[in-house]
Amino acid sequence: MRFRNAATLAMIGTAAWLGSLAGARLHARQLPPARELPPTTQGPPQQGTPCGGRSSNPRTPCQSDVDKMMAALPDKAPAKPLAPRKVLVLARAAGWVHSSIPLAAKTIEALGAKTGAWSATTTYEAADINAANLKQYDAIFLDNTTGCFLDDPGDKTATAARRQALLDFIRGGKGIAAIHAASDSYHGTSCDPAQGYGAGGGQPLWPEWNKIIGGYFKFHWNDPQLITVKIDDPKSPLTAMFHGQPFEIHDETYTYNQESFSRDNVHVLTSVDYAKMSDEDKAKEKDPRSDHDYALSWIRREGKGRLFYEAHGHGERVYAMRAMLEHILAGVQYALGDLKAGETP
Ligand SMILES: [Zn+2]
């Protein structure tokens with residue numbers, strides 16, 4: 001990492017750094033983006049009614065989405081695993097619950113099973129993030145984990161232990177791969193949803209985590225926003241599937257506060273080609289970053305461990321795109337330590 005005032009930052013620490021930066025922005029409030037509707041959880045599934053995460057069985061993906069994902073799976077992983085690998089998919093959302101959560105979990109299970117890169121177990125329980133349980137895993141996949149996803153508001157001790165277990169996991173040499181709304185976590189005004197958690201931006205609520213994941217959600221263009229994705233590091237094995245060529249995607253696309261995301265903190269793989277966006281779309285975001293730097297995927301080291309993040313993955317259609325599945329596969333293999341890649345910010 002490179003900071004202009006590294007010596008000062010080392011003294012005041014990351015928490016104070018993020019806290020002061022966010023504090024400076026508090027006066028520049030903007031209206032939060034429209035909130036999405038909660039998933040339907042009542043009534044038996046009927047023909048024509050929502051399935052997957054919107055259904056009465058929100059932990060089971062729609063078969064039609066699974067079929068499309070299975071058809072798009074790559075055959076081979078980019079790296080041979082150095083050892084048998086185990087991935088824990090954490091699918092717990094404490095804020096907005098994405099309909100694609102069960103499909104994303106199934107995708108990680110299927111990617112590992114088909115390519116032999118890992119075996120995956122899915123949990124919806126934050127309590128599974130504990131030191132004893134995590135010993136058996138090599139990476140955690142954060143599946144749209146919104147809000148203060150590890151916290152138990154009624155148990156401060158358990159909350160602190162889970163947070164510490166996650167920090168120790170990655171800093172001790174293991175990996176975290178995270179998709180889409182995993183960055184809509186630990187920011188806002190309070191970890192208590194009743195206090196208004198959920199607006200874009202706000203304050204960092206767990207600065208160590210906010211820095212590890214590389215940014216927190218400020219605004220989103222609504223699904224199905226058309227984005228031209230630019231390949232920032234065409235030499236990385238994590239972008240090899242894109243062949244250095246920009247591509248178009250329709251999804252819900254996040255932006256990050258200038259303060260919460262910085263290329264000084266992460267190695268960017270892909271980003272929004274902002275010049276290709278219409279003026280009308282650009283205008284939808286109030287108070288945009290002055291640098292117009294809208295990264296979409298990145299990697300970074302944390303202690304002895306590694307983080308991979310991909311911002312798209314809101315809608316089910318993303319999991320039917322072969323190149324995106326290859327990108328996620330490579331990202332998880334990077335997090336596992338099996339795929340080496342340039343990671344200098
Ligand atoms: Zn979303």
# chains A, B, ... in the order shown; residues from 1 in each chain; ligands from 1
>>> select_by_dssp(residues="segment 252-293 of chain A", states="strand (DSSP E)", output="list in words")
Glu252, Thr253, Tyr254, Thr255, Tyr256, His267, Val268, Leu269, Thr270, Ser271 and Val272 of chain A
>>> residues_near_ligand(ligand="ligand 1", cutoff="9 Å", atoms="only C-alpha atoms and all ligand atoms", output="PyMOL selection string")
chain A and resi 36+96-100+144+180-181+184+220+222-223+251-254+312-315
>>> residues_around(residues="Ser290 of chain A", least_positions_apart="3", cutoff="9 Å", atoms="only C-alpha atoms", output="tab-separated table (two decimals) with C-alpha atoms, in the first residue's frame")
chain	number	residue	atom	x	y	z
A	258	GLN	CA	-14.00	8.38	-2.95
A	287	ASP	CA	-22.05	13.79	-5.94
A	293	ASP	CA	-12.80	5.72	-10.95
>>> closest_residue(among="A:Asp155, A:Asp143, A:Asp138, A:Asp75", to="Ala113 of chain A", atoms="only C-alpha atoms")
A:Asp75
>>> residues_around(residues="Pro78 of chain A", least_positions_apart="3", cutoff="8 Å", atoms="only C-alpha atoms", output="ChimeraX atom specification")
/A:237,330,339
>>> write_last_selection(atoms="N, CA and C atoms", output="PDB file, in the first residue's frame")
ATOM      1  N   PRO A 237      -3.983 -13.486 -14.609  1.00  0.00           N
ATOM      2  CA  PRO A 237      -4.721 -14.732 -14.882  1.00  0.00           C
ATOM      3  C   PRO A 237      -6.185 -14.633 -14.437  1.00  0.00           C
ATOM      4  N   ALA A 330     -11.386 -18.087 -11.069  1.00  0.00           N
ATOM      5  CA  ALA A 330      -9.997 -17.641 -10.913  1.00  0.00           C
ATOM      6  C   ALA A 330      -9.838 -16.825  -9.635  1.00  0.00           C
ATOM      7  N   LEU A 339      -3.693 -19.741  -7.259  1.00  0.00           N
ATOM      8  CA  LEU A 339      -3.444 -19.008  -8.502  1.00  0.00           C
ATOM      9  C   LEU A 339      -2.709 -17.717  -8.162  1.00  0.00           C
TER      10      LEU A 339
END
>>> select_by_dssp(residues="segment 6-250 of chain A", states="alpha helix (DSSP H)", output="compact mmCIF listing (two decimals) with C-alpha atoms, in the first residue's frame")
# COMPACT_ATOMS: atom_id res chain seq x y z
CA ALA A 6 2.11 6.81 5.61
CA ALA A 7 3.93 7.72 8.80
CA THR A 8 0.98 9.62 10.17
CA LEU A 9 -1.42 6.90 9.17
CA ALA A 10 0.66 4.27 10.85
CA MET A 11 0.29 6.22 14.08
CA ILE A 12 -3.39 6.97 13.95
CA GLY A 13 -4.33 3.62 12.49
CA THR A 14 -6.77 2.51 9.88
CA ALA A 15 -9.83 3.04 12.04
CA ALA A 16 -9.14 6.67 12.62
CA TRP A 17 -8.24 7.10 8.97
CA LEU A 18 -11.52 5.78 7.66
CA GLY A 19 -13.49 7.40 10.45
CA SER A 20 -12.11 10.86 9.84
CA LEU A 21 -12.52 10.60 6.09
CA ALA A 22 -16.14 9.54 6.42
CA GLY A 23 -16.78 12.22 9.01
CA ALA A 24 -15.57 14.84 6.59
CA ARG A 25 -18.18 13.65 4.13
CA GLN A 63 -34.08 -24.85 -11.33
CA SER A 64 -34.18 -22.83 -14.55
CA ASP A 65 -31.41 -20.56 -13.22
CA VAL A 66 -29.38 -23.56 -12.04
CA ASP A 67 -29.71 -25.15 -15.48
CA LYS A 68 -28.38 -22.00 -17.17
CA MET A 69 -25.52 -21.73 -14.69
CA MET A 70 -24.58 -25.40 -15.09
CA ALA A 71 -24.56 -24.99 -18.88
CA ALA A 72 -22.20 -22.01 -18.57
CA ILE A 101 -28.07 -15.67 -2.97
CA PRO A 102 -29.05 -19.37 -3.31
CA LEU A 103 -27.96 -19.38 -6.97
CA ALA A 104 -24.59 -17.84 -6.11
CA ALA A 105 -24.08 -20.48 -3.40
CA LYS A 106 -24.97 -23.25 -5.84
CA THR A 107 -22.58 -21.69 -8.37
CA ILE A 108 -19.64 -21.88 -5.98
CA GLU A 109 -20.48 -25.47 -5.10
CA ALA A 110 -20.80 -26.42 -8.79
CA LEU A 111 -17.67 -24.53 -9.93
CA GLY A 112 -15.57 -26.42 -7.39
CA ALA A 113 -17.21 -29.79 -8.03
CA LYS A 114 -16.93 -29.62 -11.82
CA THR A 115 -13.35 -28.40 -12.00
CA ALA A 131 -12.17 -20.13 14.99
CA ALA A 132 -12.80 -23.84 15.55
CA ASN A 133 -15.09 -24.28 12.54
CA LEU A 134 -12.91 -22.19 10.23
CA LYS A 156 -21.55 -8.59 22.07
CA THR A 157 -19.12 -11.37 23.01
CA ALA A 158 -20.23 -13.61 20.16
CA THR A 159 -20.12 -10.68 17.75
CA ALA A 160 -16.56 -9.78 18.75
CA ALA A 161 -15.43 -13.42 18.50
CA ARG A 162 -16.88 -13.84 15.00
CA ARG A 163 -15.29 -10.63 13.78
CA GLN A 164 -11.94 -11.66 15.24
CA ALA A 165 -12.25 -15.13 13.67
CA LEU A 166 -12.76 -13.57 10.23
CA LEU A 167 -9.78 -11.21 10.65
CA ASP A 168 -7.55 -14.03 11.93
CA PHE A 169 -8.68 -16.29 9.08
CA ILE A 170 -7.50 -13.98 6.31
CA ARG A 171 -4.52 -12.48 8.11
CA PRO A 207 -13.06 0.09 9.57
CA GLU A 208 -10.75 -2.93 9.58
CA TRP A 209 -13.27 -4.84 7.49
CA ASN A 210 -14.11 -1.86 5.26
CA LYS A 211 -10.43 -1.64 4.36
CA ILE A 212 -10.04 -5.40 3.84
CA ILE A 213 -12.91 -5.63 1.35
>>> atom_distance(atom1="atom CA of Tyr216 of chain A", atom2="atom CA of Ile176 of chain A")
15.9 Å
>>> residues_around(residues="Gly215 of chain A", least_positions_apart="5", cutoff="7 Å", atoms="only C-alpha atoms", output="PyMOL selection string")
chain A and resi 183+210+256+260-261
>>> write_last_selection(atoms="C-alpha atoms", output="short mmCIF file (atom, residue, chain, number, x, y, z; two decimals), in the first residue's frame")
data_model
loop_
_atom_site.label_atom_id
_atom_site.label_comp_id
_atom_site.auth_asym_id
_atom_site.auth_seq_id
_atom_site.Cartn_x
_atom_site.Cartn_y
_atom_site.Cartn_z
CA SER A 183 -19.42 -4.65 0.01
CA ASN A 210 -14.11 -1.86 5.26
CA TYR A 256 -18.01 3.61 -3.77
CA SER A 260 -13.87 4.15 0.98
CA PHE A 261 -12.29 2.89 -2.25
#
>>> residues_around(residues="His292 of chain A", least_positions_apart="5", cutoff="10 Å", atoms="only C-alpha atoms", output="number ranges by chain")
A: 255, 258, 272-275, 282
>>> write_last_selection(atoms="C-alpha atoms", output="short mmCIF file (atom, residue, chain, number, x, y, z; two decimals), in the first residue's frame")
data_model
loop_
_atom_site.label_atom_id
_atom_site.label_comp_id
_atom_site.auth_asym_id
_atom_site.auth_seq_id
_atom_site.Cartn_x
_atom_site.Cartn_y
_atom_site.Cartn_z
CA THR A 255 -20.25 2.93 -6.77
CA GLN A 258 -14.00 8.38 -2.95
CA VAL A 272 -16.61 0.67 -15.38
CA ASP A 273 -15.81 2.41 -18.67
CA TYR A 274 -17.35 5.62 -17.38
CA ALA A 275 -16.79 7.46 -20.67
CA LYS A 282 -24.10 9.55 -15.08
#
>>> closest_residue(among="A:Lys218, A:Lys286, A:Thr228, A:Cys191", to="Glu259 of chain A", atoms="only C-alpha atoms")
A:Lys218
>>> atom_distance(atom1="atom CA of Phe141 of chain A", atom2="atom CA of Ala178 of chain A")
5.5 Å
>>> closest_residue(among="A:Ala117, A:Thr49, A:Tyr137, A:Ala295", to="Gly173 of chain A", atoms="only C-alpha atoms")
A:Tyr137
>>> decode(residues="segment 49-105 of chain A", atoms="C-alpha atoms", output="PDB file, in the first residue's frame")
ATOM      1  CA  THR A  49     -44.866 -17.292  -8.835  1.00  0.00           C
ATOM      2  CA  PRO A  50     -41.307 -16.307  -7.999  1.00  0.00           C
ATOM      3  CA  CYS A  51     -38.790 -19.035  -7.312  1.00  0.00           C
ATOM      4  CA  GLY A  52     -35.325 -19.110  -5.782  1.00  0.00           C
ATOM      5  CA  GLY A  53     -34.550 -16.407  -3.278  1.00  0.00           C
ATOM      6  CA  ARG A  54     -37.911 -14.724  -3.868  1.00  0.00           C
ATOM      7  CA  SER A  55     -39.926 -17.840  -3.122  1.00  0.00           C
ATOM      8  CA  SER A  56     -41.308 -19.535  -0.055  1.00  0.00           C
ATOM      9  CA  ASN A  57     -38.122 -21.595  -0.113  1.00  0.00           C
ATOM     10  CA  PRO A  58     -35.561 -18.782  -0.459  1.00  0.00           C
ATOM     11  CA  ARG A  59     -32.548 -21.025   0.112  1.00  0.00           C
ATOM     12  CA  THR A  60     -33.260 -23.117  -2.979  1.00  0.00           C
ATOM     13  CA  PRO A  61     -32.392 -21.575  -6.339  1.00  0.00           C
ATOM     14  CA  CYS A  62     -34.773 -21.743  -9.285  1.00  0.00           C
ATOM     15  CA  GLN A  63     -34.081 -24.850 -11.326  1.00  0.00           C
ATOM     16  CA  SER A  64     -34.176 -22.832 -14.552  1.00  0.00           C
ATOM     17  CA  ASP A  65     -31.405 -20.559 -13.217  1.00  0.00           C
ATOM     18  CA  VAL A  66     -29.376 -23.557 -12.041  1.00  0.00           C
ATOM     19  CA  ASP A  67     -29.706 -25.146 -15.480  1.00  0.00           C
ATOM     20  CA  LYS A  68     -28.381 -21.995 -17.172  1.00  0.00           C
ATOM     21  CA  MET A  69     -25.518 -21.728 -14.695  1.00  0.00           C
ATOM     22  CA  MET A  70     -24.577 -25.396 -15.094  1.00  0.00           C
ATOM     23  CA  ALA A  71     -24.563 -24.992 -18.882  1.00  0.00           C
ATOM     24  CA  ALA A  72     -22.202 -22.012 -18.566  1.00  0.00           C
ATOM     25  CA  LEU A  73     -19.712 -23.651 -16.156  1.00  0.00           C
ATOM     26  CA  PRO A  74     -16.123 -23.823 -17.389  1.00  0.00           C
ATOM     27  CA  ASP A  75     -14.600 -27.296 -17.623  1.00  0.00           C
ATOM     28  CA  LYS A  76     -11.191 -26.486 -16.203  1.00  0.00           C
ATOM     29  CA  ALA A  77      -9.756 -24.396 -13.420  1.00  0.00           C
ATOM     30  CA  PRO A  78      -6.843 -22.102 -14.329  1.00  0.00           C
ATOM     31  CA  ALA A  79      -4.642 -23.585 -11.579  1.00  0.00           C
ATOM     32  CA  LYS A  80      -4.106 -27.027 -10.150  1.00  0.00           C
ATOM     33  CA  PRO A  81      -4.939 -26.951  -6.420  1.00  0.00           C
ATOM     34  CA  LEU A  82      -1.816 -27.281  -4.290  1.00  0.00           C
ATOM     35  CA  ALA A  83      -3.893 -29.357  -1.857  1.00  0.00           C
ATOM     36  CA  PRO A  84      -7.531 -30.441  -1.538  1.00  0.00           C
ATOM     37  CA  ARG A  85      -9.372 -27.180  -0.825  1.00  0.00           C
ATOM     38  CA  LYS A  86     -12.478 -26.446   1.172  1.00  0.00           C
ATOM     39  CA  VAL A  87     -14.587 -23.295   0.751  1.00  0.00           C
ATOM     40  CA  LEU A  88     -17.241 -22.093   3.178  1.00  0.00           C
ATOM     41  CA  VAL A  89     -19.979 -20.095   1.445  1.00  0.00           C
ATOM     42  CA  LEU A  90     -21.530 -17.637   3.889  1.00  0.00           C
ATOM     43  CA  ALA A  91     -24.962 -16.678   2.572  1.00  0.00           C
ATOM     44  CA  ARG A  92     -26.204 -14.675   5.534  1.00  0.00           C
ATOM     45  CA  ALA A  93     -27.613 -11.230   4.748  1.00  0.00           C
ATOM     46  CA  ALA A  94     -28.314  -8.907   7.673  1.00  0.00           C
ATOM     47  CA  GLY A  95     -29.527  -6.113   5.380  1.00  0.00           C
ATOM     48  CA  TRP A  96     -31.193  -6.419   1.978  1.00  0.00           C
ATOM     49  CA  VAL A  97     -31.622 -10.077   0.934  1.00  0.00           C
ATOM     50  CA  HIS A  98     -30.737 -10.719  -2.716  1.00  0.00           C
ATOM     51  CA  SER A  99     -32.812 -13.203  -4.674  1.00  0.00           C
ATOM     52  CA  SER A 100     -29.612 -14.507  -6.265  1.00  0.00           C
ATOM     53  CA  ILE A 101     -28.073 -15.674  -2.967  1.00  0.00           C
ATOM     54  CA  PRO A 102     -29.049 -19.366  -3.309  1.00  0.00           C
ATOM     55  CA  LEU A 103     -27.957 -19.382  -6.968  1.00  0.00           C
ATOM     56  CA  ALA A 104     -24.591 -17.841  -6.106  1.00  0.00           C
ATOM     57  CA  ALA A 105     -24.077 -20.481  -3.404  1.00  0.00           C
TER      58      ALA A 105
END
